[in-house]
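Enquirer: Dropping in target.txt, with compact mmCIF, N, CA and C atoms.
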```txt
# COMPACT_ATOMS: atom_id res chain seq x y z
N MET S 30 22.23 46.11 38.27
CA MET S 30 23.38 45.29 38.01
C MET S 30 23.13 43.87 38.53
N GLN S 31 22.65 43.77 39.75
CA GLN S 31 22.37 42.45 40.31
C GLN S 31 21.23 41.77 39.56
N ILE S 32 20.30 42.52 39.05
CA ILE S 32 19.18 41.95 38.29
C ILE S 32 19.71 41.34 36.99
N LEU S 33 20.66 42.01 36.35
CA LEU S 33 21.26 41.48 35.12
C LEU S 33 22.03 40.19 35.41
N LYS S 34 22.76 40.16 36.54
CA LYS S 34 23.50 38.96 36.92
C LYS S 34 22.53 37.81 37.19
N LEU S 35 21.45 38.11 37.89
CA LEU S 35 20.45 37.10 38.22
C LEU S 35 19.79 36.57 36.94
N ALA S 36 19.45 37.45 36.03
CA ALA S 36 18.85 37.05 34.76
C ALA S 36 19.82 36.18 33.96
N LYS S 37 21.09 36.52 33.99
CA LYS S 37 22.11 35.76 33.27
C LYS S 37 22.26 34.37 33.88
N ASN S 38 22.24 34.28 35.21
CA ASN S 38 22.34 33.00 35.90
C ASN S 38 21.13 32.11 35.60
N ILE S 39 19.96 32.70 35.55
CA ILE S 39 18.74 31.95 35.25
C ILE S 39 18.80 31.41 33.82
N ALA S 40 19.26 32.23 32.90
CA ALA S 40 19.38 31.79 31.50
C ALA S 40 20.39 30.65 31.39
N THR S 41 21.49 30.74 32.11
CA THR S 41 22.51 29.68 32.10
C THR S 41 21.95 28.39 32.68
N MET S 42 21.19 28.52 33.77
CA MET S 42 20.60 27.37 34.42
C MET S 42 19.57 26.70 33.50
N LYS S 43 18.77 27.49 32.79
CA LYS S 43 17.78 26.94 31.86
C LYS S 43 18.48 26.17 30.74
N ALA S 44 19.55 26.72 30.22
CA ALA S 44 20.30 26.06 29.15
C ALA S 44 20.88 24.73 29.65
N PHE S 45 21.39 24.74 30.87
CA PHE S 45 21.96 23.53 31.46
C PHE S 45 20.89 22.46 31.62
N ILE S 46 19.73 22.83 32.15
CA ILE S 46 18.64 21.88 32.37
C ILE S 46 18.14 21.33 31.04
N LEU S 47 18.03 22.18 30.04
CA LEU S 47 17.57 21.77 28.73
C LEU S 47 18.55 20.76 28.10
N SER S 48 19.83 21.06 28.19
CA SER S 48 20.83 20.13 27.62
C SER S 48 20.85 18.82 28.39
N LEU S 49 20.63 18.87 29.70
CA LEU S 49 20.57 17.65 30.51
C LEU S 49 19.37 16.80 30.09
N LEU S 50 18.21 17.40 29.90
CA LEU S 50 17.02 16.68 29.47
C LEU S 50 17.22 16.06 28.09
N ILE S 51 17.83 16.78 27.18
CA ILE S 51 18.07 16.27 25.84
C ILE S 51 19.00 15.06 25.89
N SER S 52 20.04 15.14 26.68
CA SER S 52 20.97 14.00 26.78
C SER S 52 20.30 12.78 27.41
N ILE S 53 19.40 12.98 28.36
CA ILE S 53 18.68 11.87 28.98
C ILE S 53 17.76 11.21 27.96
N VAL S 54 17.06 12.00 27.17
CA VAL S 54 16.15 11.46 26.16
C VAL S 54 16.92 10.65 25.12
N PHE S 55 18.04 11.17 24.62
CA PHE S 55 18.81 10.44 23.62
C PHE S 55 19.45 9.18 24.18
N SER S 56 19.91 9.21 25.39
CA SER S 56 20.51 8.00 25.96
C SER S 56 19.44 6.95 26.23
N ALA S 57 18.26 7.34 26.63
CA ALA S 57 17.17 6.39 26.87
C ALA S 57 16.71 5.76 25.57
N SER S 58 16.66 6.54 24.50
CA SER S 58 16.25 5.97 23.22
C SER S 58 17.32 5.02 22.69
N GLY S 59 18.56 5.25 23.03
CA GLY S 59 19.63 4.34 22.63
C GLY S 59 19.48 2.98 23.28
N PHE S 60 19.05 2.94 24.53
CA PHE S 60 18.82 1.68 25.22
C PHE S 60 17.62 0.95 24.62
N ALA S 61 16.61 1.68 24.21
CA ALA S 61 15.42 1.08 23.63
C ALA S 61 15.72 0.46 22.27
N GLN S 62 16.76 0.90 21.57
CA GLN S 62 17.10 0.41 20.25
C GLN S 62 17.80 -0.95 20.27
N GLN S 63 18.31 -1.37 21.42
CA GLN S 63 19.04 -2.63 21.49
C GLN S 63 18.09 -3.79 21.24
N LYS S 64 18.49 -4.68 20.34
CA LYS S 64 17.66 -5.83 19.97
C LYS S 64 18.04 -7.03 20.84
N ALA S 65 17.04 -7.85 21.11
CA ALA S 65 17.28 -9.06 21.89
C ALA S 65 17.89 -10.12 20.98
N ALA S 66 18.97 -10.70 21.43
CA ALA S 66 19.64 -11.76 20.67
C ALA S 66 19.57 -13.06 21.45
N GLN S 67 19.58 -14.15 20.72
CA GLN S 67 19.55 -15.46 21.34
C GLN S 67 20.60 -16.33 20.68
N LYS S 68 21.11 -17.30 21.42
CA LYS S 68 22.17 -18.17 20.92
C LYS S 68 21.74 -19.62 21.11
N ALA S 69 22.08 -20.47 20.12
CA ALA S 69 21.78 -21.89 20.23
C ALA S 69 22.90 -22.70 19.57
N VAL S 70 23.10 -23.89 20.10
CA VAL S 70 24.02 -24.84 19.49
C VAL S 70 23.16 -25.96 18.93
N ILE S 71 23.20 -26.12 17.60
CA ILE S 71 22.36 -27.08 16.90
C ILE S 71 23.21 -28.30 16.53
N GLN S 72 22.71 -29.48 16.86
CA GLN S 72 23.39 -30.72 16.50
C GLN S 72 23.18 -31.00 15.01
N THR S 73 24.28 -31.12 14.28
CA THR S 73 24.22 -31.35 12.83
C THR S 73 25.18 -32.50 12.49
N PRO S 74 24.70 -33.74 12.59
CA PRO S 74 25.58 -34.89 12.36
C PRO S 74 26.12 -34.97 10.93
N GLY S 75 25.48 -34.30 9.98
CA GLY S 75 25.92 -34.35 8.60
C GLY S 75 27.05 -33.39 8.25
N VAL S 76 27.47 -32.56 9.19
CA VAL S 76 28.58 -31.65 8.94
C VAL S 76 29.87 -32.46 9.10
N LEU S 77 30.49 -32.81 7.96
CA LEU S 77 31.58 -33.77 7.96
C LEU S 77 32.95 -33.19 7.60
N CYS S 78 32.98 -32.03 6.94
CA CYS S 78 34.26 -31.53 6.44
C CYS S 78 34.24 -30.00 6.32
N GLU S 79 35.36 -29.47 5.87
CA GLU S 79 35.50 -28.03 5.69
C GLU S 79 34.49 -27.49 4.66
N ALA S 80 34.19 -28.28 3.65
CA ALA S 80 33.22 -27.85 2.62
C ALA S 80 31.83 -27.67 3.24
N CYS S 81 31.45 -28.59 4.12
CA CYS S 81 30.16 -28.47 4.82
C CYS S 81 30.14 -27.20 5.66
N LYS S 82 31.21 -27.01 6.40
CA LYS S 82 31.34 -25.84 7.27
C LYS S 82 31.20 -24.55 6.47
N THR S 83 31.91 -24.45 5.36
CA THR S 83 31.87 -23.25 4.53
C THR S 83 30.48 -23.02 3.95
N LYS S 84 29.86 -24.09 3.46
CA LYS S 84 28.52 -23.98 2.87
C LYS S 84 27.52 -23.43 3.89
N ILE S 85 27.55 -23.97 5.09
CA ILE S 85 26.61 -23.53 6.14
C ILE S 85 26.89 -22.09 6.55
N GLU S 86 28.14 -21.78 6.84
CA GLU S 86 28.47 -20.44 7.31
C GLU S 86 28.17 -19.38 6.26
N ASP S 87 28.50 -19.66 4.99
CA ASP S 87 28.23 -18.69 3.93
C ASP S 87 26.74 -18.44 3.75
N ARG S 88 25.95 -19.52 3.78
CA ARG S 88 24.51 -19.38 3.54
C ARG S 88 23.81 -18.71 4.72
N LEU S 89 24.07 -19.17 5.93
CA LEU S 89 23.37 -18.62 7.09
C LEU S 89 23.81 -17.19 7.41
N ALA S 90 25.03 -16.84 7.09
CA ALA S 90 25.52 -15.48 7.36
C ALA S 90 24.72 -14.44 6.59
N HIS S 91 24.11 -14.83 5.48
CA HIS S 91 23.33 -13.90 4.66
C HIS S 91 21.84 -13.94 4.97
N GLU S 92 21.43 -14.75 5.91
CA GLU S 92 20.02 -14.82 6.28
C GLU S 92 19.65 -13.64 7.19
N ASP S 93 18.48 -13.10 6.99
CA ASP S 93 18.00 -11.95 7.77
C ASP S 93 17.89 -12.32 9.24
N GLY S 94 18.48 -11.52 10.10
CA GLY S 94 18.37 -11.70 11.54
C GLY S 94 19.48 -12.51 12.18
N ILE S 95 20.31 -13.16 11.39
CA ILE S 95 21.39 -13.97 11.97
C ILE S 95 22.62 -13.09 12.16
N SER S 96 23.07 -12.99 13.40
CA SER S 96 24.22 -12.15 13.75
C SER S 96 25.54 -12.86 13.53
N SER S 97 25.61 -14.14 13.92
CA SER S 97 26.84 -14.90 13.71
C SER S 97 26.51 -16.38 13.60
N VAL S 98 27.38 -17.07 12.89
CA VAL S 98 27.22 -18.52 12.72
C VAL S 98 28.61 -19.15 12.68
N LYS S 99 28.75 -20.29 13.39
CA LYS S 99 30.03 -21.00 13.41
C LYS S 99 29.72 -22.49 13.36
N ALA S 100 30.13 -23.11 12.26
CA ALA S 100 29.95 -24.55 12.11
C ALA S 100 31.23 -25.25 12.55
N ASP S 101 31.07 -26.36 13.26
CA ASP S 101 32.22 -27.14 13.74
C ASP S 101 32.03 -28.58 13.27
N TYR S 102 32.82 -28.99 12.25
CA TYR S 102 32.65 -30.33 11.70
C TYR S 102 33.27 -31.41 12.59
N ARG S 103 34.09 -31.03 13.53
CA ARG S 103 34.64 -32.03 14.46
C ARG S 103 33.61 -32.40 15.54
N LYS S 104 32.86 -31.39 15.98
CA LYS S 104 31.83 -31.63 17.01
C LYS S 104 30.46 -31.88 16.40
N HIS S 105 30.33 -31.68 15.09
CA HIS S 105 29.06 -31.84 14.37
C HIS S 105 27.99 -30.91 14.95
N THR S 106 28.37 -29.64 15.12
CA THR S 106 27.44 -28.64 15.65
C THR S 106 27.51 -27.36 14.82
N VAL S 107 26.45 -26.57 14.91
CA VAL S 107 26.43 -25.23 14.35
C VAL S 107 25.95 -24.31 15.46
N THR S 108 26.75 -23.31 15.79
CA THR S 108 26.40 -22.33 16.82
C THR S 108 25.91 -21.07 16.11
N VAL S 109 24.71 -20.64 16.46
CA VAL S 109 24.08 -19.51 15.79
C VAL S 109 23.62 -18.49 16.82
N VAL S 110 23.86 -17.19 16.51
CA VAL S 110 23.31 -16.08 17.29
C VAL S 110 22.40 -15.31 16.36
N TRP S 111 21.15 -15.05 16.80
CA TRP S 111 20.19 -14.37 15.94
C TRP S 111 19.40 -13.34 16.73
N LEU S 112 18.81 -12.39 16.01
CA LEU S 112 17.94 -11.38 16.60
C LEU S 112 16.53 -11.95 16.66
N THR S 113 15.97 -11.97 17.84
CA THR S 113 14.69 -12.64 18.05
C THR S 113 13.52 -11.95 17.36
N ASP S 114 13.67 -10.67 17.02
CA ASP S 114 12.57 -9.99 16.33
C ASP S 114 12.62 -10.19 14.82
N ARG S 115 13.65 -10.89 14.32
CA ARG S 115 13.80 -11.09 12.87
C ARG S 115 13.65 -12.54 12.43
N THR S 116 14.03 -13.48 13.28
CA THR S 116 13.94 -14.90 12.93
C THR S 116 13.83 -15.72 14.20
N ASN S 117 13.74 -17.02 14.05
CA ASN S 117 13.66 -17.90 15.22
C ASN S 117 14.42 -19.19 14.96
N ILE S 118 14.55 -20.00 15.96
CA ILE S 118 15.35 -21.22 15.87
C ILE S 118 14.78 -22.19 14.84
N GLU S 119 13.47 -22.26 14.73
CA GLU S 119 12.85 -23.18 13.77
C GLU S 119 13.18 -22.78 12.33
N ASN S 120 13.18 -21.48 12.03
CA ASN S 120 13.56 -21.02 10.69
C ASN S 120 15.00 -21.38 10.38
N ILE S 121 15.87 -21.26 11.37
CA ILE S 121 17.28 -21.56 11.17
C ILE S 121 17.47 -23.06 10.92
N LYS S 122 16.79 -23.90 11.71
CA LYS S 122 16.88 -25.34 11.51
C LYS S 122 16.32 -25.75 10.14
N THR S 123 15.24 -25.11 9.73
CA THR S 123 14.66 -25.39 8.41
C THR S 123 15.63 -25.01 7.30
N GLU S 124 16.31 -23.89 7.46
CA GLU S 124 17.30 -23.48 6.46
C GLU S 124 18.44 -24.50 6.38
N LEU S 125 18.88 -25.01 7.51
CA LEU S 125 19.91 -26.05 7.51
C LEU S 125 19.41 -27.31 6.81
N ALA S 126 18.17 -27.69 7.05
CA ALA S 126 17.58 -28.86 6.39
C ALA S 126 17.47 -28.64 4.89
N ASN S 127 17.15 -27.40 4.49
CA ASN S 127 17.07 -27.08 3.06
C ASN S 127 18.44 -27.10 2.39
N LEU S 128 19.50 -26.93 3.19
CA LEU S 128 20.86 -27.04 2.66
C LEU S 128 21.31 -28.49 2.54
N GLY S 129 20.59 -29.41 3.21
CA GLY S 129 20.94 -30.82 3.15
C GLY S 129 21.50 -31.39 4.43
N PHE S 130 21.34 -30.68 5.54
CA PHE S 130 21.90 -31.13 6.82
C PHE S 130 20.79 -31.30 7.84
N ASP S 131 20.82 -32.44 8.57
CA ASP S 131 19.90 -32.61 9.70
C ASP S 131 20.26 -31.56 10.74
N ALA S 132 19.23 -31.01 11.40
CA ALA S 132 19.44 -29.98 12.41
C ALA S 132 18.57 -30.30 13.61
N ASP S 133 19.16 -30.89 14.64
CA ASP S 133 18.43 -31.38 15.82
C ASP S 133 17.30 -32.29 15.36
N ASP S 134 16.06 -31.86 15.56
CA ASP S 134 14.90 -32.69 15.25
C ASP S 134 14.36 -32.48 13.83
N VAL S 135 14.98 -31.60 13.05
CA VAL S 135 14.53 -31.32 11.68
C VAL S 135 15.40 -32.12 10.71
N THR S 136 14.75 -32.96 9.91
CA THR S 136 15.46 -33.84 8.98
C THR S 136 15.78 -33.11 7.68
N ALA S 137 16.95 -33.39 7.15
CA ALA S 137 17.39 -32.76 5.90
C ALA S 137 16.50 -33.17 4.74
N GLU S 138 16.34 -32.26 3.80
CA GLU S 138 15.59 -32.53 2.58
C GLU S 138 16.39 -33.51 1.72
N GLU S 139 15.74 -34.56 1.24
CA GLU S 139 16.41 -35.59 0.44
C GLU S 139 17.03 -34.99 -0.82
N GLY S 140 16.31 -34.13 -1.50
CA GLY S 140 16.83 -33.49 -2.71
C GLY S 140 18.02 -32.61 -2.43
N ALA S 141 18.02 -31.94 -1.28
CA ALA S 141 19.15 -31.09 -0.90
C ALA S 141 20.38 -31.92 -0.60
N ILE S 142 20.18 -33.08 0.00
CA ILE S 142 21.32 -33.96 0.29
C ILE S 142 21.98 -34.39 -1.02
N LYS S 143 21.17 -34.69 -2.02
CA LYS S 143 21.70 -35.13 -3.32
C LYS S 143 22.48 -34.02 -4.01
N ARG S 144 22.17 -32.75 -3.71
CA ARG S 144 22.87 -31.63 -4.33
C ARG S 144 24.19 -31.28 -3.62
N LEU S 145 24.43 -31.87 -2.46
CA LEU S 145 25.68 -31.62 -1.73
C LEU S 145 26.85 -32.25 -2.48
N PRO S 146 28.05 -31.71 -2.28
CA PRO S 146 29.23 -32.36 -2.84
C PRO S 146 29.35 -33.78 -2.27
N PRO S 147 29.96 -34.71 -3.01
CA PRO S 147 30.03 -36.11 -2.54
C PRO S 147 30.59 -36.27 -1.12
N CYS S 148 31.57 -35.45 -0.77
CA CYS S 148 32.18 -35.60 0.57
C CYS S 148 31.23 -35.18 1.69
N CYS S 149 30.20 -34.43 1.37
CA CYS S 149 29.27 -33.91 2.39
C CYS S 149 27.99 -34.74 2.51
N ARG S 150 27.81 -35.70 1.62
CA ARG S 150 26.56 -36.46 1.63
C ARG S 150 26.54 -37.49 2.74
N VAL S 151 25.45 -37.50 3.46
CA VAL S 151 25.20 -38.52 4.47
C VAL S 151 24.28 -39.53 3.81
N ALA S 152 24.49 -40.77 4.09
CA ALA S 152 23.67 -41.80 3.46
C ALA S 152 22.20 -41.54 3.73
N ILE S 153 21.42 -41.56 2.66
CA ILE S 153 19.97 -41.37 2.78
C ILE S 153 19.36 -42.75 3.06
N PRO S 154 18.63 -42.86 4.17
CA PRO S 154 18.05 -44.18 4.48
C PRO S 154 17.06 -44.60 3.39
N VAL S 155 17.20 -45.84 2.94
CA VAL S 155 16.31 -46.37 1.91
C VAL S 155 15.15 -47.05 2.62
N LYS S 156 13.93 -46.66 2.22
CA LYS S 156 12.74 -47.27 2.83
C LYS S 156 12.56 -48.66 2.24
N SER S 157 12.45 -49.63 3.11
CA SER S 157 12.20 -50.99 2.65
C SER S 157 10.71 -51.21 2.50
N SER S 158 10.35 -52.29 1.87
CA SER S 158 8.93 -52.57 1.70
C SER S 158 8.26 -52.84 3.04
N ALA S 159 9.03 -53.28 4.04
CA ALA S 159 8.48 -53.52 5.38
C ALA S 159 8.13 -52.21 6.05
N ASP S 160 8.87 -51.09 5.73
CA ASP S 160 8.58 -49.79 6.32
C ASP S 160 7.28 -49.20 5.81
N SER S 161 6.92 -49.53 4.59
CA SER S 161 5.74 -48.92 4.00
C SER S 161 4.46 -49.61 4.44
N LYS S 162 4.54 -50.74 5.13
CA LYS S 162 3.34 -51.47 5.57
C LYS S 162 2.81 -50.95 6.85
```
Kindly return the structure encoded in the file as structure tokens.
Expert:
Amino acid sequence: MQILKLAKNIATMKAFILSLLISIVFSASGFAQQKAAQKAVIQTPGVLCEACKTKIEDRLAHEDGISSVKADYRKHTVTVVWLTDRTNIENIKTELANLGFDADDVTAEEGAIKRLPPCCRVAIPVKSSADSK
């Protein structure tokens, strides 16, 4: 009788230890799945109105690796959160330049500026003959 009780207790203890190990493995793998995110505030002097804000937020929200984007036309900034294993700050700034907006040290594409709605266009500097010398 005592042998049966002992065997039953050992079986219960084995099941408990096994379930404990399984839960530890699954919780550890859950921590390993978390992706590193980074946040930056990009100076965008060409963001002038609600149309600029909408254009930037709609386009960047669909880019791979970008978690959130918020354009502020009053402060002339774009705040972006992205997953570091999917994209980087330079890709984001380049995308902004391709949309027609200067982004920190990355200058907007001239052709992209021309495609912006009139209210969003920033004057494109005209090169003088003195600049080309």
Enquirer: Near Cys78 in chain S, within 6.5 Å and counting only N, CA and C atoms, which residues show up once chain neighbours fewer than 2 positions away are dropped, as a ChimeraX atom specification?
Expert: /S:75-76,80-83,102,148-149
Enquirer: My list of candidates is S:Thr108, S:Ser97, S:Lys64, S:Gln72. Which is closest to Asp131 in chain S when distances are computed with only N, CA and C atoms?
Expert: S:Gln72
Enquirer: What residues have an atom no more than 7 Å from (15.3, -15.4, 19.0) in the file's own frame, counting all atoms listed in the file, and can you write them as a PyMOL selection string?
Expert: chain S and resi 65-68+111-118
Enquirer: I'd like to know which of S:Ala40, S:Val109, S:Val98, S:Leu77 is closest to Phe130 in chain S, using only C-alpha atoms.
Expert: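 Nearest candidate to Phe130 in chain S out of S:Ala40, S:Val109, S:Val98, S:Leu77: S:Leu77.
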Enquirer: So how far away is CA of Val70 in chain S from CA of Glu92 in chain S, in Å?
Expert: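 Result for CA of Glu92 in chain S versus CA of Val70 in chain S: 17.1 Å, one decimal.
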Enquirer: Mind pulling up the distance from CA of Arg88 in chain S to atom N of Arg144 in chain S?
Expert: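 If I compute the distance from atom N of Arg144 in chain S to CA of Arg88 in chain S, I get 15.4 Å.
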Enquirer: State, in Å with one decimal place, the distance from CA of Leu145 in chain S to CA of Leu125 in chain S.
Expert: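 Going from CA of Leu145 in chain S over to CA of Leu125 in chain S covers 12.2 Å.
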Enquirer: Can you tell me, as lines of an AutoDock Vina configuration file, the centre and edge lengths (Å, one decimal) of the axis-aligned box enclosing all of range 136-139 of chain S's listed atoms after padding each side by 4 Å?
Expert:
```
center_x = 16.1
center_y = -33.9
center_z = 4.5
size_x = 10.6
size_y = 11.3
size_z = 18.7
```
Enquirer: Please identify which residues in range 51-126 of chain S DSSP calls helix (DSSP H, G or I) from the backbone, and express them as a PDB file with N, CA and C atoms, in the coordinates of the input.
Expert:
```pdb
ATOM      1  N   ILE S  51      17.830  16.780  27.180  1.00  0.00           N
ATOM      2  CA  ILE S  51      18.070  16.270  25.840  1.00  0.00           C
ATOM      3  C   ILE S  51      19.000  15.060  25.890  1.00  0.00           C
ATOM      4  N   SER S  52      20.040  15.140  26.680  1.00  0.00           N
ATOM      5  CA  SER S  52      20.970  14.000  26.780  1.00  0.00           C
ATOM      6  C   SER S  52      20.300  12.780  27.410  1.00  0.00           C
ATOM      7  N   ILE S  53      19.400  12.980  28.360  1.00  0.00           N
ATOM      8  CA  ILE S  53      18.680  11.870  28.980  1.00  0.00           C
ATOM      9  C   ILE S  53      17.760  11.210  27.960  1.00  0.00           C
ATOM     10  N   VAL S  54      17.060  12.000  27.170  1.00  0.00           N
ATOM     11  CA  VAL S  54      16.150  11.460  26.160  1.00  0.00           C
ATOM     12  C   VAL S  54      16.920  10.650  25.120  1.00  0.00           C
ATOM     13  N   PHE S  55      18.040  11.170  24.620  1.00  0.00           N
ATOM     14  CA  PHE S  55      18.810  10.440  23.620  1.00  0.00           C
ATOM     15  C   PHE S  55      19.450   9.180  24.180  1.00  0.00           C
ATOM     16  N   SER S  56      19.910   9.210  25.390  1.00  0.00           N
ATOM     17  CA  SER S  56      20.510   8.000  25.960  1.00  0.00           C
ATOM     18  C   SER S  56      19.440   6.950  26.230  1.00  0.00           C
ATOM     19  N   ALA S  57      18.260   7.340  26.630  1.00  0.00           N
ATOM     20  CA  ALA S  57      17.170   6.390  26.870  1.00  0.00           C
ATOM     21  C   ALA S  57      16.710   5.760  25.570  1.00  0.00           C
ATOM     22  N   SER S  58      16.660   6.540  24.500  1.00  0.00           N
ATOM     23  CA  SER S  58      16.250   5.970  23.220  1.00  0.00           C
ATOM     24  C   SER S  58      17.320   5.020  22.690  1.00  0.00           C
ATOM     25  N   GLY S  59      18.560   5.250  23.030  1.00  0.00           N
ATOM     26  CA  GLY S  59      19.630   4.340  22.630  1.00  0.00           C
ATOM     27  C   GLY S  59      19.480   2.980  23.280  1.00  0.00           C
ATOM     28  N   PHE S  60      19.050   2.940  24.530  1.00  0.00           N
ATOM     29  CA  PHE S  60      18.820   1.680  25.220  1.00  0.00           C
ATOM     30  C   PHE S  60      17.620   0.950  24.620  1.00  0.00           C
ATOM     31  N   ALA S  61      16.610   1.680  24.210  1.00  0.00           N
ATOM     32  CA  ALA S  61      15.420   1.080  23.630  1.00  0.00           C
ATOM     33  C   ALA S  61      15.720   0.460  22.270  1.00  0.00           C
ATOM     34  N   GLU S  79      35.360 -29.470   5.870  1.00  0.00           N
ATOM     35  CA  GLU S  79      35.500 -28.030   5.690  1.00  0.00           C
ATOM     36  C   GLU S  79      34.490 -27.490   4.660  1.00  0.00           C
ATOM     37  N   ALA S  80      34.190 -28.280   3.650  1.00  0.00           N
ATOM     38  CA  ALA S  80      33.220 -27.850   2.620  1.00  0.00           C
ATOM     39  C   ALA S  80      31.830 -27.670   3.240  1.00  0.00           C
ATOM     40  N   CYS S  81      31.450 -28.590   4.120  1.00  0.00           N
ATOM     41  CA  CYS S  81      30.160 -28.470   4.820  1.00  0.00           C
ATOM     42  C   CYS S  81      30.140 -27.200   5.660  1.00  0.00           C
ATOM     43  N   LYS S  82      31.210 -27.010   6.400  1.00  0.00           N
ATOM     44  CA  LYS S  82      31.340 -25.840   7.270  1.00  0.00           C
ATOM     45  C   LYS S  82      31.200 -24.550   6.470  1.00  0.00           C
ATOM     46  N   THR S  83      31.910 -24.450   5.360  1.00  0.00           N
ATOM     47  CA  THR S  83      31.870 -23.250   4.530  1.00  0.00           C
ATOM     48  C   THR S  83      30.480 -23.020   3.950  1.00  0.00           C
ATOM     49  N   LYS S  84      29.860 -24.090   3.460  1.00  0.00           N
ATOM     50  CA  LYS S  84      28.520 -23.980   2.870  1.00  0.00           C
ATOM     51  C   LYS S  84      27.520 -23.430   3.890  1.00  0.00           C
ATOM     52  N   ILE S  85      27.550 -23.970   5.090  1.00  0.00           N
ATOM     53  CA  ILE S  85      26.610 -23.530   6.140  1.00  0.00           C
ATOM     54  C   ILE S  85      26.890 -22.090   6.550  1.00  0.00           C
ATOM     55  N   GLU S  86      28.140 -21.780   6.840  1.00  0.00           N
ATOM     56  CA  GLU S  86      28.470 -20.440   7.310  1.00  0.00           C
ATOM     57  C   GLU S  86      28.170 -19.380   6.260  1.00  0.00           C
ATOM     58  N   ASP S  87      28.500 -19.660   4.990  1.00  0.00           N
ATOM     59  CA  ASP S  87      28.230 -18.690   3.930  1.00  0.00           C
ATOM     60  C   ASP S  87      26.740 -18.440   3.750  1.00  0.00           C
ATOM     61  N   ARG S  88      25.950 -19.520   3.780  1.00  0.00           N
ATOM     62  CA  ARG S  88      24.510 -19.380   3.540  1.00  0.00           C
ATOM     63  C   ARG S  88      23.810 -18.710   4.720  1.00  0.00           C
ATOM     64  N   LEU S  89      24.070 -19.170   5.930  1.00  0.00           N
ATOM     65  CA  LEU S  89      23.370 -18.620   7.090  1.00  0.00           C
ATOM     66  C   LEU S  89      23.810 -17.190   7.410  1.00  0.00           C
ATOM     67  N   ALA S  90      25.030 -16.840   7.090  1.00  0.00           N
ATOM     68  CA  ALA S  90      25.520 -15.480   7.360  1.00  0.00           C
ATOM     69  C   ALA S  90      24.720 -14.440   6.590  1.00  0.00           C
ATOM     70  N   ILE S 118      14.550 -20.000  15.960  1.00  0.00           N
ATOM     71  CA  ILE S 118      15.350 -21.220  15.870  1.00  0.00           C
ATOM     72  C   ILE S 118      14.780 -22.190  14.840  1.00  0.00           C
ATOM     73  N   GLU S 119      13.470 -22.260  14.730  1.00  0.00           N
ATOM     74  CA  GLU S 119      12.850 -23.180  13.770  1.00  0.00           C
ATOM     75  C   GLU S 119      13.180 -22.780  12.330  1.00  0.00           C
ATOM     76  N   ASN S 120      13.180 -21.480  12.030  1.00  0.00           N
ATOM     77  CA  ASN S 120      13.560 -21.020  10.690  1.00  0.00           C
ATOM     78  C   ASN S 120      15.000 -21.380  10.380  1.00  0.00           C
ATOM     79  N   ILE S 121      15.870 -21.260  11.370  1.00  0.00           N
ATOM     80  CA  ILE S 121      17.280 -21.560  11.170  1.00  0.00           C
ATOM     81  C   ILE S 121      17.470 -23.060  10.920  1.00  0.00           C
ATOM     82  N   LYS S 122      16.790 -23.900  11.710  1.00  0.00           N
ATOM     83  CA  LYS S 122      16.880 -25.340  11.510  1.00  0.00           C
ATOM     84  C   LYS S 122      16.320 -25.750  10.140  1.00  0.00           C
ATOM     85  N   THR S 123      15.240 -25.110   9.730  1.00  0.00           N
ATOM     86  CA  THR S 123      14.660 -25.390   8.410  1.00  0.00           C
ATOM     87  C   THR S 123      15.630 -25.010   7.300  1.00  0.00           C
ATOM     88  N   GLU S 124      16.310 -23.890   7.460  1.00  0.00           N
ATOM     89  CA  GLU S 124      17.300 -23.480   6.460  1.00  0.00           C
ATOM     90  C   GLU S 124      18.440 -24.500   6.380  1.00  0.00           C
ATOM     91  N   LEU S 125      18.880 -25.010   7.510  1.00  0.00           N
ATOM     92  CA  LEU S 125      19.910 -26.050   7.510  1.00  0.00           C
ATOM     93  C   LEU S 125      19.410 -27.310   6.810  1.00  0.00           C
ATOM     94  N   ALA S 126      18.170 -27.690   7.050  1.00  0.00           N
ATOM     95  CA  ALA S 126      17.580 -28.860   6.390  1.00  0.00           C
ATOM     96  C   ALA S 126      17.470 -28.640   4.890  1.00  0.00           C
TER      97      ALA S 126
END
```
Enquirer: Compile the contact shell of Ala126 in chain S as a CSV table (one decimal) with N, CA and C atoms, in the coordinates of the input: residues with an atom at most 8 Å away, counting only N, CA and C atoms, same-chain residues fewer than 5 positions apart removed.
Expert:
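See selection10.csv below for the written result:
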```
chain,number,residue,atom,x,y,z
S,120,ASN,N,13.2,-21.5,12.0
S,120,ASN,CA,13.6,-21.0,10.7
S,120,ASN,C,15.0,-21.4,10.4
S,121,ILE,N,15.9,-21.3,11.4
S,121,ILE,CA,17.3,-21.6,11.2
S,121,ILE,C,17.5,-23.1,10.9
S,131,ASP,N,20.8,-32.4,8.6
S,131,ASP,CA,19.9,-32.6,9.7
S,131,ASP,C,20.3,-31.6,10.7
S,132,ALA,N,19.2,-31.0,11.4
S,132,ALA,CA,19.4,-30.0,12.4
S,132,ALA,C,18.6,-30.3,13.6
S,135,VAL,N,15.0,-31.6,13.0
S,135,VAL,CA,14.5,-31.3,11.7
S,135,VAL,C,15.4,-32.1,10.7
S,136,THR,N,14.8,-33.0,9.9
S,136,THR,CA,15.5,-33.8,9.0
S,136,THR,C,15.8,-33.1,7.7
S,137,ALA,N,17.0,-33.4,7.2
S,137,ALA,CA,17.4,-32.8,5.9
S,137,ALA,C,16.5,-33.2,4.7
S,138,GLU,N,16.3,-32.3,3.8
S,138,GLU,CA,15.6,-32.5,2.6
S,138,GLU,C,16.4,-33.5,1.7
S,139,GLU,N,15.7,-34.6,1.2
S,139,GLU,CA,16.4,-35.6,0.4
S,139,GLU,C,17.0,-35.0,-0.8
S,141,ALA,N,18.0,-31.9,-1.3
S,141,ALA,CA,19.2,-31.1,-0.9
S,141,ALA,C,20.4,-31.9,-0.6
S,142,ILE,N,20.2,-33.1,0.0
S,142,ILE,CA,21.3,-34.0,0.3
S,142,ILE,C,22.0,-34.4,-1.0
```
